[in-house]
Amino acid sequence: MNISDQTFTIGKLAKDAGVGVETVRYYQRRGLLAEPPAVSGYRRYDTLHLERLNFIKRAQGVGFTLEEIAELMTLNDTRDHRLARNLASEKIRSIETRIEQLSKVADALRHLVRECECGGQEMPCPIIRMALTP
């Protein structure tokens, strides 16, 4: 049997992709993964299904949402590289903005930790005070 002719049960497909069976079903409901027809009561998935699951996982790993992944898959089907590049560029900008925001949060927490270290036991803890202040 050629590797491209290999078929899987949903359980084997999920295991090989490193996801749960319910994840496969969820992706099917979302339209990210085609559901093969049942033959003799069983659905048989092929290597294209496995490749698509692996693509979804990799895309999630670099920060794409399922909606963006669906768009990327559509763009791949149409071979629209320019739009795919634009989507990836937007994602980079979004990630960089989040990094800036998280950096500010980390700086604020560092400041609170320094205040807490410098304060005496008779002073209220600035970390707890910050959390309680509306």
# chains A, B, ... in the order shown; residues from 1 in each chain; ligands from 1

$ residues_around --residues "Ile56 in chain A" --least-positions-apart "6" --cutoff "12 Å" --atoms "only C-alpha atoms" --output "PyMOL selection string"
chain A and resi 17-19+23-24+27+32-33+49-50+62-73

$ select_by_dssp --residues "chain A" --states "helix (DSSP H, G or I)" --output "PyMOL selection string"
chain A and resi 3-5+10-17+21-29+47-61+66-78+81-118+126-132

$ write_last_selection --atoms "C-alpha atoms" --output "PDB file, in the first residue's frame"
ATOM      1  CA  ILE A   3       1.522   5.858   1.973  1.00  0.00           C
ATOM      2  CA  SER A   4      -0.856   8.192   0.127  1.00  0.00           C
ATOM      3  CA  ASP A   5      -3.377   5.316   0.002  1.00  0.00           C
ATOM      4  CA  ILE A  10     -11.011   8.734  13.415  1.00  0.00           C
ATOM      5  CA  GLY A  11      -9.212   7.450  16.527  1.00  0.00           C
ATOM      6  CA  LYS A  12      -6.024   6.624  14.622  1.00  0.00           C
ATOM      7  CA  LEU A  13      -6.161   9.929  12.727  1.00  0.00           C
ATOM      8  CA  ALA A  14      -6.523  11.860  15.985  1.00  0.00           C
ATOM      9  CA  LYS A  15      -3.698   9.931  17.631  1.00  0.00           C
ATOM     10  CA  ASP A  16      -1.331  10.401  14.685  1.00  0.00           C
ATOM     11  CA  ALA A  17      -2.103  14.131  14.624  1.00  0.00           C
ATOM     12  CA  VAL A  21     -11.206  12.634  18.592  1.00  0.00           C
ATOM     13  CA  GLU A  22     -13.495  15.441  19.749  1.00  0.00           C
ATOM     14  CA  THR A  23     -11.037  17.952  18.284  1.00  0.00           C
ATOM     15  CA  VAL A  24     -11.320  16.227  14.901  1.00  0.00           C
ATOM     16  CA  ARG A  25     -15.105  16.354  15.144  1.00  0.00           C
ATOM     17  CA  TYR A  26     -14.991  20.004  16.200  1.00  0.00           C
ATOM     18  CA  TYR A  27     -12.838  20.901  13.183  1.00  0.00           C
ATOM     19  CA  GLN A  28     -15.319  19.062  10.977  1.00  0.00           C
ATOM     20  CA  ARG A  29     -18.216  21.051  12.440  1.00  0.00           C
ATOM     21  CA  THR A  47      -3.253  11.284   4.576  1.00  0.00           C
ATOM     22  CA  LEU A  48      -4.745  14.550   3.284  1.00  0.00           C
ATOM     23  CA  HIS A  49      -6.859  14.706   6.444  1.00  0.00           C
ATOM     24  CA  LEU A  50      -3.734  14.112   8.533  1.00  0.00           C
ATOM     25  CA  GLU A  51      -1.831  16.816   6.636  1.00  0.00           C
ATOM     26  CA  ARG A  52      -4.684  19.276   7.168  1.00  0.00           C
ATOM     27  CA  LEU A  53      -4.812  18.508  10.907  1.00  0.00           C
ATOM     28  CA  ASN A  54      -1.060  19.038  11.138  1.00  0.00           C
ATOM     29  CA  PHE A  55      -1.402  22.336   9.263  1.00  0.00           C
ATOM     30  CA  ILE A  56      -4.118  23.495  11.678  1.00  0.00           C
ATOM     31  CA  LYS A  57      -1.914  22.652  14.667  1.00  0.00           C
ATOM     32  CA  ARG A  58       1.118  24.453  13.186  1.00  0.00           C
ATOM     33  CA  ALA A  59      -0.950  27.522  12.327  1.00  0.00           C
ATOM     34  CA  GLN A  60      -2.406  27.612  15.851  1.00  0.00           C
ATOM     35  CA  GLY A  61       1.116  27.235  17.199  1.00  0.00           C
ATOM     36  CA  LEU A  66      -9.414  29.017  13.710  1.00  0.00           C
ATOM     37  CA  GLU A  67     -11.160  31.718  11.663  1.00  0.00           C
ATOM     38  CA  GLU A  68      -7.814  32.885  10.290  1.00  0.00           C
ATOM     39  CA  ILE A  69      -6.780  29.292   9.617  1.00  0.00           C
ATOM     40  CA  ALA A  70      -9.965  28.748   7.607  1.00  0.00           C
ATOM     41  CA  GLU A  71      -9.122  31.856   5.600  1.00  0.00           C
ATOM     42  CA  LEU A  72      -5.547  30.658   5.051  1.00  0.00           C
ATOM     43  CA  MET A  73      -6.809  27.290   3.812  1.00  0.00           C
ATOM     44  CA  THR A  74      -9.161  29.024   1.391  1.00  0.00           C
ATOM     45  CA  LEU A  75      -6.318  31.227   0.184  1.00  0.00           C
ATOM     46  CA  ASN A  76      -4.149  28.149  -0.309  1.00  0.00           C
ATOM     47  CA  ASP A  77      -6.871  26.532  -2.389  1.00  0.00           C
ATOM     48  CA  THR A  78      -6.979  29.649  -4.594  1.00  0.00           C
ATOM     49  CA  HIS A  81      -0.175  34.280  -1.907  1.00  0.00           C
ATOM     50  CA  ARG A  82      -0.563  38.061  -1.634  1.00  0.00           C
ATOM     51  CA  LEU A  83      -3.619  37.793   0.599  1.00  0.00           C
ATOM     52  CA  ALA A  84      -1.957  35.058   2.671  1.00  0.00           C
ATOM     53  CA  ARG A  85       1.088  37.310   3.133  1.00  0.00           C
ATOM     54  CA  ASN A  86      -1.180  40.197   4.169  1.00  0.00           C
ATOM     55  CA  LEU A  87      -2.947  37.997   6.719  1.00  0.00           C
ATOM     56  CA  ALA A  88       0.402  36.848   8.132  1.00  0.00           C
ATOM     57  CA  SER A  89       1.656  40.454   8.249  1.00  0.00           C
ATOM     58  CA  GLU A  90      -1.463  41.491  10.168  1.00  0.00           C
ATOM     59  CA  LYS A  91      -0.854  38.625  12.588  1.00  0.00           C
ATOM     60  CA  ILE A  92       2.738  39.798  13.111  1.00  0.00           C
ATOM     61  CA  ARG A  93       1.517  43.329  13.912  1.00  0.00           C
ATOM     62  CA  SER A  94      -1.061  41.931  16.339  1.00  0.00           C
ATOM     63  CA  ILE A  95       1.569  39.794  18.087  1.00  0.00           C
ATOM     64  CA  GLU A  96       3.973  42.733  18.325  1.00  0.00           C
ATOM     65  CA  THR A  97       1.218  44.881  19.873  1.00  0.00           C
ATOM     66  CA  ARG A  98       0.469  42.145  22.416  1.00  0.00           C
ATOM     67  CA  ILE A  99       4.188  41.853  23.215  1.00  0.00           C
ATOM     68  CA  GLU A 100       4.350  45.614  23.862  1.00  0.00           C
ATOM     69  CA  GLN A 101       1.285  45.422  26.114  1.00  0.00           C
ATOM     70  CA  LEU A 102       2.659  42.436  28.025  1.00  0.00           C
ATOM     71  CA  SER A 103       6.002  44.177  28.412  1.00  0.00           C
ATOM     72  CA  LYS A 104       4.221  47.146  30.045  1.00  0.00           C
ATOM     73  CA  VAL A 105       2.364  44.777  32.369  1.00  0.00           C
ATOM     74  CA  ALA A 106       5.631  43.049  33.298  1.00  0.00           C
ATOM     75  CA  ASP A 107       7.272  46.439  33.997  1.00  0.00           C
ATOM     76  CA  ALA A 108       4.354  47.442  36.235  1.00  0.00           C
ATOM     77  CA  LEU A 109       4.610  44.149  38.152  1.00  0.00           C
ATOM     78  CA  ARG A 110       8.378  44.552  38.531  1.00  0.00           C
ATOM     79  CA  HIS A 111       7.761  47.999  39.999  1.00  0.00           C
ATOM     80  CA  LEU A 112       5.231  46.561  42.471  1.00  0.00           C
ATOM     81  CA  VAL A 113       7.643  43.798  43.479  1.00  0.00           C
ATOM     82  CA  ARG A 114      10.382  46.404  44.125  1.00  0.00           C
ATOM     83  CA  GLU A 115       7.944  48.483  46.191  1.00  0.00           C
ATOM     84  CA  CYS A 116       6.978  45.381  48.152  1.00  0.00           C
ATOM     85  CA  GLU A 117      10.663  44.557  48.822  1.00  0.00           C
ATOM     86  CA  CYS A 118      11.390  48.110  49.986  1.00  0.00           C
ATOM     87  CA  PRO A 126       1.516  47.307  47.291  1.00  0.00           C
ATOM     88  CA  ILE A 127       0.738  44.191  45.235  1.00  0.00           C
ATOM     89  CA  ILE A 128      -2.336  43.331  47.290  1.00  0.00           C
ATOM     90  CA  ARG A 129      -3.326  47.018  47.527  1.00  0.00           C
ATOM     91  CA  MET A 130      -3.151  47.296  43.716  1.00  0.00           C
ATOM     92  CA  ALA A 131      -5.307  44.208  43.291  1.00  0.00           C
ATOM     93  CA  LEU A 132      -7.944  45.485  45.729  1.00  0.00           C
TER      94      LEU A 132
END

$ select_by_dssp --residues "range 3-116 of chain A" --states "strand (DSSP E or B)" --output "list in words"
Thr7, Phe8, Ala38, Val39, Tyr42, Arg43, Tyr45 and Asp46 of chain A

$ write_last_selection --atoms "C-alpha atoms" --output "mmCIF file, in the first residue's frame"
data_model
loop_
_atom_site.group_PDB
_atom_site.id
_atom_site.type_symbol
_atom_site.label_atom_id
_atom_site.label_comp_id
_atom_site.auth_asym_id
_atom_site.auth_seq_id
_atom_site.Cartn_x
_atom_site.Cartn_y
_atom_site.Cartn_z
ATOM 1 C CA THR A 7 -6.502 5.304 5.610
ATOM 2 C CA PHE A 8 -7.282 5.850 9.268
ATOM 3 C CA ALA A 38 -19.192 6.309 5.748
ATOM 4 C CA VAL A 39 -18.404 3.008 4.061
ATOM 5 C CA TYR A 42 -17.137 3.486 9.161
ATOM 6 C CA ARG A 43 -15.501 6.688 8.013
ATOM 7 C CA TYR A 45 -9.669 9.284 6.742
ATOM 8 C CA ASP A 46 -6.655 9.610 4.464
#

$ decode --residues "range 104-126 of chain A" --atoms "N, CA and C atoms" --output "CSV table (one decimal), in the first residue's frame"
chain,number,residue,atom,x,y,z
A,104,LYS,N,4.7,46.1,29.1
A,104,LYS,CA,4.2,47.1,30.0
A,104,LYS,C,3.7,46.5,31.3
A,105,VAL,N,2.9,45.5,31.2
A,105,VAL,CA,2.4,44.8,32.4
A,105,VAL,C,3.5,44.2,33.2
A,106,ALA,N,4.5,43.6,32.6
A,106,ALA,CA,5.6,43.0,33.3
A,106,ALA,C,6.4,44.2,34.0
A,107,ASP,N,6.6,45.3,33.4
A,107,ASP,CA,7.3,46.4,34.0
A,107,ASP,C,6.5,46.9,35.2
A,108,ALA,N,5.2,47.0,35.1
A,108,ALA,CA,4.4,47.4,36.2
A,108,ALA,C,4.5,46.4,37.4
A,109,LEU,N,4.5,45.2,37.1
A,109,LEU,CA,4.6,44.1,38.2
A,109,LEU,C,6.0,44.2,38.8
A,110,ARG,N,7.0,44.4,38.0
A,110,ARG,CA,8.4,44.6,38.5
A,110,ARG,C,8.4,45.7,39.5
A,111,HIS,N,7.8,46.8,39.1
A,111,HIS,CA,7.8,48.0,40.0
A,111,HIS,C,7.1,47.7,41.3
A,112,LEU,N,5.9,46.9,41.3
A,112,LEU,CA,5.2,46.6,42.5
A,112,LEU,C,6.1,45.6,43.3
A,113,VAL,N,6.8,44.7,42.7
A,113,VAL,CA,7.6,43.8,43.5
A,113,VAL,C,8.7,44.6,44.2
A,114,ARG,N,9.3,45.6,43.5
A,114,ARG,CA,10.4,46.4,44.1
A,114,ARG,C,9.8,47.2,45.3
A,115,GLU,N,8.6,47.8,45.1
A,115,GLU,CA,7.9,48.5,46.2
A,115,GLU,C,7.7,47.6,47.4
A,116,CYS,N,7.3,46.3,47.1
A,116,CYS,CA,7.0,45.4,48.2
A,116,CYS,C,8.3,45.0,48.9
A,117,GLU,N,9.4,44.9,48.2
A,117,GLU,CA,10.7,44.6,48.8
A,117,GLU,C,11.2,45.7,49.7
A,118,CYS,N,10.9,46.9,49.3
A,118,CYS,CA,11.4,48.1,50.0
A,118,CYS,C,10.5,48.5,51.2
A,119,GLY,N,9.3,48.1,51.1
A,119,GLY,CA,8.3,48.5,52.2
A,119,GLY,C,8.6,47.6,53.4
A,120,GLY,N,8.2,48.2,54.6
A,120,GLY,CA,8.3,47.4,55.8
A,120,GLY,C,7.1,46.6,56.1
A,121,GLN,N,7.1,45.8,57.1
A,121,GLN,CA,6.0,45.0,57.5
A,121,GLN,C,4.8,45.8,58.0
A,122,GLU,N,5.1,47.0,58.4
A,122,GLU,CA,4.0,47.9,58.9
A,122,GLU,C,3.2,48.5,57.8
A,123,MET,N,3.8,48.5,56.6
A,123,MET,CA,3.1,49.1,55.4
A,123,MET,C,2.2,48.0,54.7
A,124,PRO,N,1.1,48.5,54.1
A,124,PRO,CA,0.3,47.5,53.3
A,124,PRO,C,1.1,47.1,52.1
A,125,CYS,N,0.9,45.8,51.7
A,125,CYS,CA,1.6,45.3,50.6
A,125,CYS,C,1.1,46.0,49.3
A,126,PRO,N,2.0,46.6,48.5
A,126,PRO,CA,1.5,47.3,47.3
A,126,PRO,C,0.9,46.4,46.2
